[in-house]
Amino acid sequence: MNAPPKIGPVSAHSDSDELVRWLTNDTRDERFLDNIFAELCVRIQQANIPVKRATLHIMIHHPQWLGARFVWADGMHEAEIARLDYDVRERSEYIGSPANEIHDGATEVRENLERDPALGRKHAVFDEMRNKGLTDYVAWPFYHTLGKRHFVTFATDRPGGFEDAHIAALLKLLPVLALVSEIRVKNRLARTLLETYVGSHASELILAGATRRGTGTTVRAAILICDLRDFTRISDNWPRDDVIDLLNGYFDAMSEPIERHGGEILKFIGDGLLAIFPLSEPQACANLLHAVSEARQAMAALNQKNGEESSRAPLNYGIGVHVGDVMYGNIGSRTRLDFTVIGPAVNMASRLETLTKQLGKPVLLSRAFADFVKDEFDLERVGEYPVRGFNDPIELFAFHG
């Protein structure tokens with residue numbers, strides 16, 4: 001982040017007006033909220049408001065994180081970012097904290113850090129600030145659309161703390177900070193939701209404008225389809241929460257290695273998974289088998305854990321792998337689209353996954369795919385078998401890695 005221009009000492013009124021003008025007009029080209037916040041804090045100092053430390057707390061919609069905290073301190077030109085787990089509100093560092101008070105409805109938390117700690121609020125965060133020589137602290141909520149509540153904090157080491165003029169200038173920033181932050185949070189939310197539901201590559205294409213039905217491209221890729229065995233019986237007989245927990249564990253075991261090795265998960269279909277490894281990456285086919293090998297190890301560990309903790313029977317699965325050209329793009333109705341892949345190569349991978357149960361081989365590869373990796377991996381030739389929907393028998397290989 002570029003250091004902002006110096007702002008000379010002026011009146012408190014014009015100080016805050018200049019900060020509001022900058023936030024309103026000069027941040028439109030900055031995509032990231034943490035950069036805006038850090039530069040804002042530097043500009044606040046240059047406007048003779050003695051802020052030594054500041055934090056911005058944002059609630060976010062993310063599968064893993066409840067929120068994010070941006071921390072800035074004197075001398076920093078970039079803010080530190082910490083993500084907050086969903087269980088943070090159950091922890092001692094949250095209970096009784098300024099964040100707790102703000103989220104419970106407080107419109108201000110102010111603490112004179114120079115007074116006897118026995119007379120003030122009791123929480124480790126205040127002790128930490130006193131130990132750093134800070135003298136005054138204030139936290140305020142600000143609001144996004146529909147009452148979504150976030151908050152910002154400022155602290156100073158000025159003897160006597162903030163003056164009334166400093167507080168007034170900082171308060172004047174809150175409405176504009178709310179607007180500026182909401183735009184960035186919504187943009188990040190849109191990106192996060194797309195990445196969560198359609199994958200990172202597809203989300204980039206959609207955000208770039210690939211939203212018209214029927215648009216797409218032909219991609220040469222290795223295709224992986226995985227399916228859980230006996231899921232109907234499990235879902236009919238197990239409690240709902242246990243079924244969801246089982247599926248999440250299974251999908252974690254399969255998905256994390258795929259993503260780690262460059263694969264793109266396009267969809268979850270009930271208890272099934274569809275992923276591709278585009279051949280634009282020279283090692284795509286080898287990467288797919290490395291992912292399969294790690295996924296099998298993860299499934300073995302999951303089965304062992306489930307057996308020890310709840311005496312669950314091992315989960316069985318089948319994986320079909322093929323390579324070929326696929327149509328990659330938007331398919332669906334006028335108002336509901338799916339960004340996915342279709343074509344004979346996808347059908348072949350699906351048929352091979354079905355054959356894994358019949359042949360008793362958890363992972364089956366087509367000859368077309370095996371030719372890419374036969375010199376690097378030990379494969380078992382299974383033989384030639386008819387595949388529904390295809391005229392000629394397909395030579396199949398099993399992978400036990």
# chains A, B, ... in the order shown; residues from 1 in each chain; ligands from 1

$ residues_around --residues "stretch 97-106 of chain A" --least-positions-apart "2" --cutoff "10 Å" --atoms "only C-alpha atoms" --output "ChimeraX atom specification"
/A:57,89,92-95,108-111,121-126,138-142,149-153

$ closest_residue --among "A:Leu355, A:Ala221, A:Ala38, A:Leu33" --to "A:Ile183" --atoms "only C-alpha atoms"
A:Leu33

$ select_by_dssp --residues "stretch 249-296 of chain A" --states "strand (DSSP E)" --output "list in words"
Glu264, Ile265, Leu266, Lys267, Phe268, Ile269, Gly272, Leu273, Leu274, Ala275, Ile276, Phe277 and Pro278 of chain A

$ closest_residue --among "A:Arg388, A:His322, A:His400, A:Arg28" --to "A:His290" --atoms "only C-alpha atoms"
A:His400

$ decode --residues "stretch 58-172 of chain A" --atoms "C-alpha atoms" --output "PDB file, in the first residue's frame"
ATOM      1  CA  ILE A  58     -16.437  -7.482  10.425  1.00  0.00           C
ATOM      2  CA  MET A  59     -18.992 -10.279  10.479  1.00  0.00           C
ATOM      3  CA  ILE A  60     -18.701 -12.364   7.303  1.00  0.00           C
ATOM      4  CA  HIS A  61     -20.599 -15.220   5.665  1.00  0.00           C
ATOM      5  CA  HIS A  62     -18.046 -17.964   5.183  1.00  0.00           C
ATOM      6  CA  PRO A  63     -18.229 -21.747   5.618  1.00  0.00           C
ATOM      7  CA  GLN A  64     -15.336 -21.692   8.103  1.00  0.00           C
ATOM      8  CA  TRP A  65     -15.211 -18.233   9.637  1.00  0.00           C
ATOM      9  CA  LEU A  66     -17.650 -16.137  11.660  1.00  0.00           C
ATOM     10  CA  GLY A  67     -15.758 -12.930  11.130  1.00  0.00           C
ATOM     11  CA  ALA A  68     -12.500 -11.120  10.469  1.00  0.00           C
ATOM     12  CA  ARG A  69     -10.507  -8.684  12.587  1.00  0.00           C
ATOM     13  CA  PHE A  70      -8.173  -6.081  11.061  1.00  0.00           C
ATOM     14  CA  VAL A  71      -5.541  -4.791  13.494  1.00  0.00           C
ATOM     15  CA  TRP A  72      -3.487  -1.658  12.903  1.00  0.00           C
ATOM     16  CA  ALA A  73      -0.874  -0.115  15.195  1.00  0.00           C
ATOM     17  CA  ASP A  74       1.390   2.910  15.043  1.00  0.00           C
ATOM     18  CA  GLY A  75       4.061   2.534  12.344  1.00  0.00           C
ATOM     19  CA  MET A  76       2.164  -0.047  10.285  1.00  0.00           C
ATOM     20  CA  HIS A  77       1.209   0.620   6.649  1.00  0.00           C
ATOM     21  CA  GLU A  78      -0.680  -2.679   6.354  1.00  0.00           C
ATOM     22  CA  ALA A  79      -3.243  -4.129   8.724  1.00  0.00           C
ATOM     23  CA  GLU A  80      -2.915  -7.595  10.179  1.00  0.00           C
ATOM     24  CA  ILE A  81      -5.878  -9.854   9.432  1.00  0.00           C
ATOM     25  CA  ALA A  82      -7.153 -12.524  11.814  1.00  0.00           C
ATOM     26  CA  ARG A  83     -10.102 -14.799  11.031  1.00  0.00           C
ATOM     27  CA  LEU A  84     -12.472 -15.692  13.832  1.00  0.00           C
ATOM     28  CA  ASP A  85     -13.922 -19.179  14.290  1.00  0.00           C
ATOM     29  CA  TYR A  86     -17.636 -19.745  14.814  1.00  0.00           C
ATOM     30  CA  ASP A  87     -16.991 -20.854  18.395  1.00  0.00           C
ATOM     31  CA  VAL A  88     -15.157 -17.646  19.350  1.00  0.00           C
ATOM     32  CA  ARG A  89     -18.139 -16.445  21.409  1.00  0.00           C
ATOM     33  CA  GLU A  90     -17.741 -19.402  23.743  1.00  0.00           C
ATOM     34  CA  ARG A  91     -14.128 -18.552  24.599  1.00  0.00           C
ATOM     35  CA  SER A  92     -12.838 -16.641  27.612  1.00  0.00           C
ATOM     36  CA  GLU A  93     -11.169 -13.983  25.438  1.00  0.00           C
ATOM     37  CA  TYR A  94     -14.612 -13.039  24.095  1.00  0.00           C
ATOM     38  CA  ILE A  95     -16.745 -13.278  27.231  1.00  0.00           C
ATOM     39  CA  GLY A  96     -16.871  -9.862  28.892  1.00  0.00           C
ATOM     40  CA  SER A  97     -14.814  -8.261  26.118  1.00  0.00           C
ATOM     41  CA  PRO A  98     -15.686  -5.032  24.270  1.00  0.00           C
ATOM     42  CA  ALA A  99     -16.792  -7.208  21.349  1.00  0.00           C
ATOM     43  CA  ASN A 100     -19.187  -9.013  23.694  1.00  0.00           C
ATOM     44  CA  GLU A 101     -20.605  -5.703  24.914  1.00  0.00           C
ATOM     45  CA  ILE A 102     -21.026  -4.297  21.409  1.00  0.00           C
ATOM     46  CA  HIS A 103     -22.708  -7.436  20.106  1.00  0.00           C
ATOM     47  CA  ASP A 104     -25.016  -7.394  23.133  1.00  0.00           C
ATOM     48  CA  GLY A 105     -26.238  -3.931  22.099  1.00  0.00           C
ATOM     49  CA  ALA A 106     -23.839  -1.374  23.598  1.00  0.00           C
ATOM     50  CA  THR A 107     -23.568   1.784  21.511  1.00  0.00           C
ATOM     51  CA  GLU A 108     -20.183   2.680  22.974  1.00  0.00           C
ATOM     52  CA  VAL A 109     -17.495   1.054  25.095  1.00  0.00           C
ATOM     53  CA  ARG A 110     -15.088   3.602  26.567  1.00  0.00           C
ATOM     54  CA  GLU A 111     -12.337   2.802  29.026  1.00  0.00           C
ATOM     55  CA  ASN A 112      -9.938   5.157  30.789  1.00  0.00           C
ATOM     56  CA  LEU A 113      -6.805   3.022  30.896  1.00  0.00           C
ATOM     57  CA  GLU A 114      -4.933   5.452  33.168  1.00  0.00           C
ATOM     58  CA  ARG A 115      -7.186   4.913  36.161  1.00  0.00           C
ATOM     59  CA  ASP A 116      -6.763   2.167  38.754  1.00  0.00           C
ATOM     60  CA  PRO A 117      -7.567  -1.145  36.993  1.00  0.00           C
ATOM     61  CA  ALA A 118      -9.619  -2.163  40.030  1.00  0.00           C
ATOM     62  CA  LEU A 119     -12.074   0.635  39.191  1.00  0.00           C
ATOM     63  CA  GLY A 120     -12.438  -0.192  35.524  1.00  0.00           C
ATOM     64  CA  ARG A 121     -13.664  -3.008  33.328  1.00  0.00           C
ATOM     65  CA  LYS A 122     -12.170  -6.410  34.046  1.00  0.00           C
ATOM     66  CA  HIS A 123     -10.848  -8.112  30.918  1.00  0.00           C
ATOM     67  CA  ALA A 124      -7.463  -9.236  29.627  1.00  0.00           C
ATOM     68  CA  VAL A 125      -7.720  -6.966  26.577  1.00  0.00           C
ATOM     69  CA  PHE A 126      -7.653  -3.865  28.826  1.00  0.00           C
ATOM     70  CA  ASP A 127      -4.679  -5.204  30.807  1.00  0.00           C
ATOM     71  CA  GLU A 128      -2.866  -5.821  27.517  1.00  0.00           C
ATOM     72  CA  MET A 129      -3.467  -2.251  26.337  1.00  0.00           C
ATOM     73  CA  ARG A 130      -2.330  -0.786  29.679  1.00  0.00           C
ATOM     74  CA  ASN A 131       0.867  -2.838  29.425  1.00  0.00           C
ATOM     75  CA  LYS A 132       1.479  -1.282  25.989  1.00  0.00           C
ATOM     76  CA  GLY A 133       1.212   2.221  27.467  1.00  0.00           C
ATOM     77  CA  LEU A 134      -2.197   3.057  26.041  1.00  0.00           C
ATOM     78  CA  THR A 135      -4.266   5.531  28.017  1.00  0.00           C
ATOM     79  CA  ASP A 136      -7.741   5.603  26.447  1.00  0.00           C
ATOM     80  CA  TYR A 137      -9.900   3.207  24.434  1.00  0.00           C
ATOM     81  CA  VAL A 138     -13.197   3.522  22.610  1.00  0.00           C
ATOM     82  CA  ALA A 139     -15.279   1.069  20.582  1.00  0.00           C
ATOM     83  CA  TRP A 140     -18.363   1.862  18.496  1.00  0.00           C
ATOM     84  CA  PRO A 141     -20.719  -0.220  16.392  1.00  0.00           C
ATOM     85  CA  PHE A 142     -21.520   0.706  12.812  1.00  0.00           C
ATOM     86  CA  TYR A 143     -24.218  -0.763  10.637  1.00  0.00           C
ATOM     87  CA  HIS A 144     -24.602  -2.279   7.205  1.00  0.00           C
ATOM     88  CA  THR A 145     -27.878  -2.788   5.358  1.00  0.00           C
ATOM     89  CA  LEU A 146     -30.694  -4.473   7.312  1.00  0.00           C
ATOM     90  CA  GLY A 147     -29.039  -3.793  10.664  1.00  0.00           C
ATOM     91  CA  LYS A 148     -25.942  -5.974  10.174  1.00  0.00           C
ATOM     92  CA  ARG A 149     -23.729  -4.905  13.087  1.00  0.00           C
ATOM     93  CA  HIS A 150     -19.938  -4.514  13.012  1.00  0.00           C
ATOM     94  CA  PHE A 151     -17.608  -2.409  15.122  1.00  0.00           C
ATOM     95  CA  VAL A 152     -14.422  -0.369  15.172  1.00  0.00           C
ATOM     96  CA  THR A 153     -12.061   0.519  18.024  1.00  0.00           C
ATOM     97  CA  PHE A 154      -9.468   3.249  18.593  1.00  0.00           C
ATOM     98  CA  ALA A 155      -6.886   3.622  21.361  1.00  0.00           C
ATOM     99  CA  THR A 156      -4.345   6.315  22.201  1.00  0.00           C
ATOM    100  CA  ASP A 157      -1.252   6.712  24.383  1.00  0.00           C
ATOM    101  CA  ARG A 158      -1.818  10.474  24.818  1.00  0.00           C
ATOM    102  CA  PRO A 159      -1.691  11.500  28.475  1.00  0.00           C
ATOM    103  CA  GLY A 160      -5.252  12.223  29.487  1.00  0.00           C
ATOM    104  CA  GLY A 161      -6.616  10.196  26.618  1.00  0.00           C
ATOM    105  CA  PHE A 162      -8.685  11.419  23.673  1.00  0.00           C
ATOM    106  CA  GLU A 163     -10.035  14.961  23.772  1.00  0.00           C
ATOM    107  CA  ASP A 164     -13.698  15.609  22.958  1.00  0.00           C
ATOM    108  CA  ALA A 165     -12.691  17.017  19.567  1.00  0.00           C
ATOM    109  CA  HIS A 166     -10.840  13.785  18.747  1.00  0.00           C
ATOM    110  CA  ILE A 167     -13.872  11.688  19.640  1.00  0.00           C
ATOM    111  CA  ALA A 168     -16.155  13.925  17.579  1.00  0.00           C
ATOM    112  CA  ALA A 169     -13.849  13.662  14.555  1.00  0.00           C
ATOM    113  CA  LEU A 170     -13.685   9.872  14.794  1.00  0.00           C
ATOM    114  CA  LEU A 171     -17.452   9.555  15.214  1.00  0.00           C
ATOM    115  CA  LYS A 172     -17.929  11.587  12.053  1.00  0.00           C
TER     116      LYS A 172
END
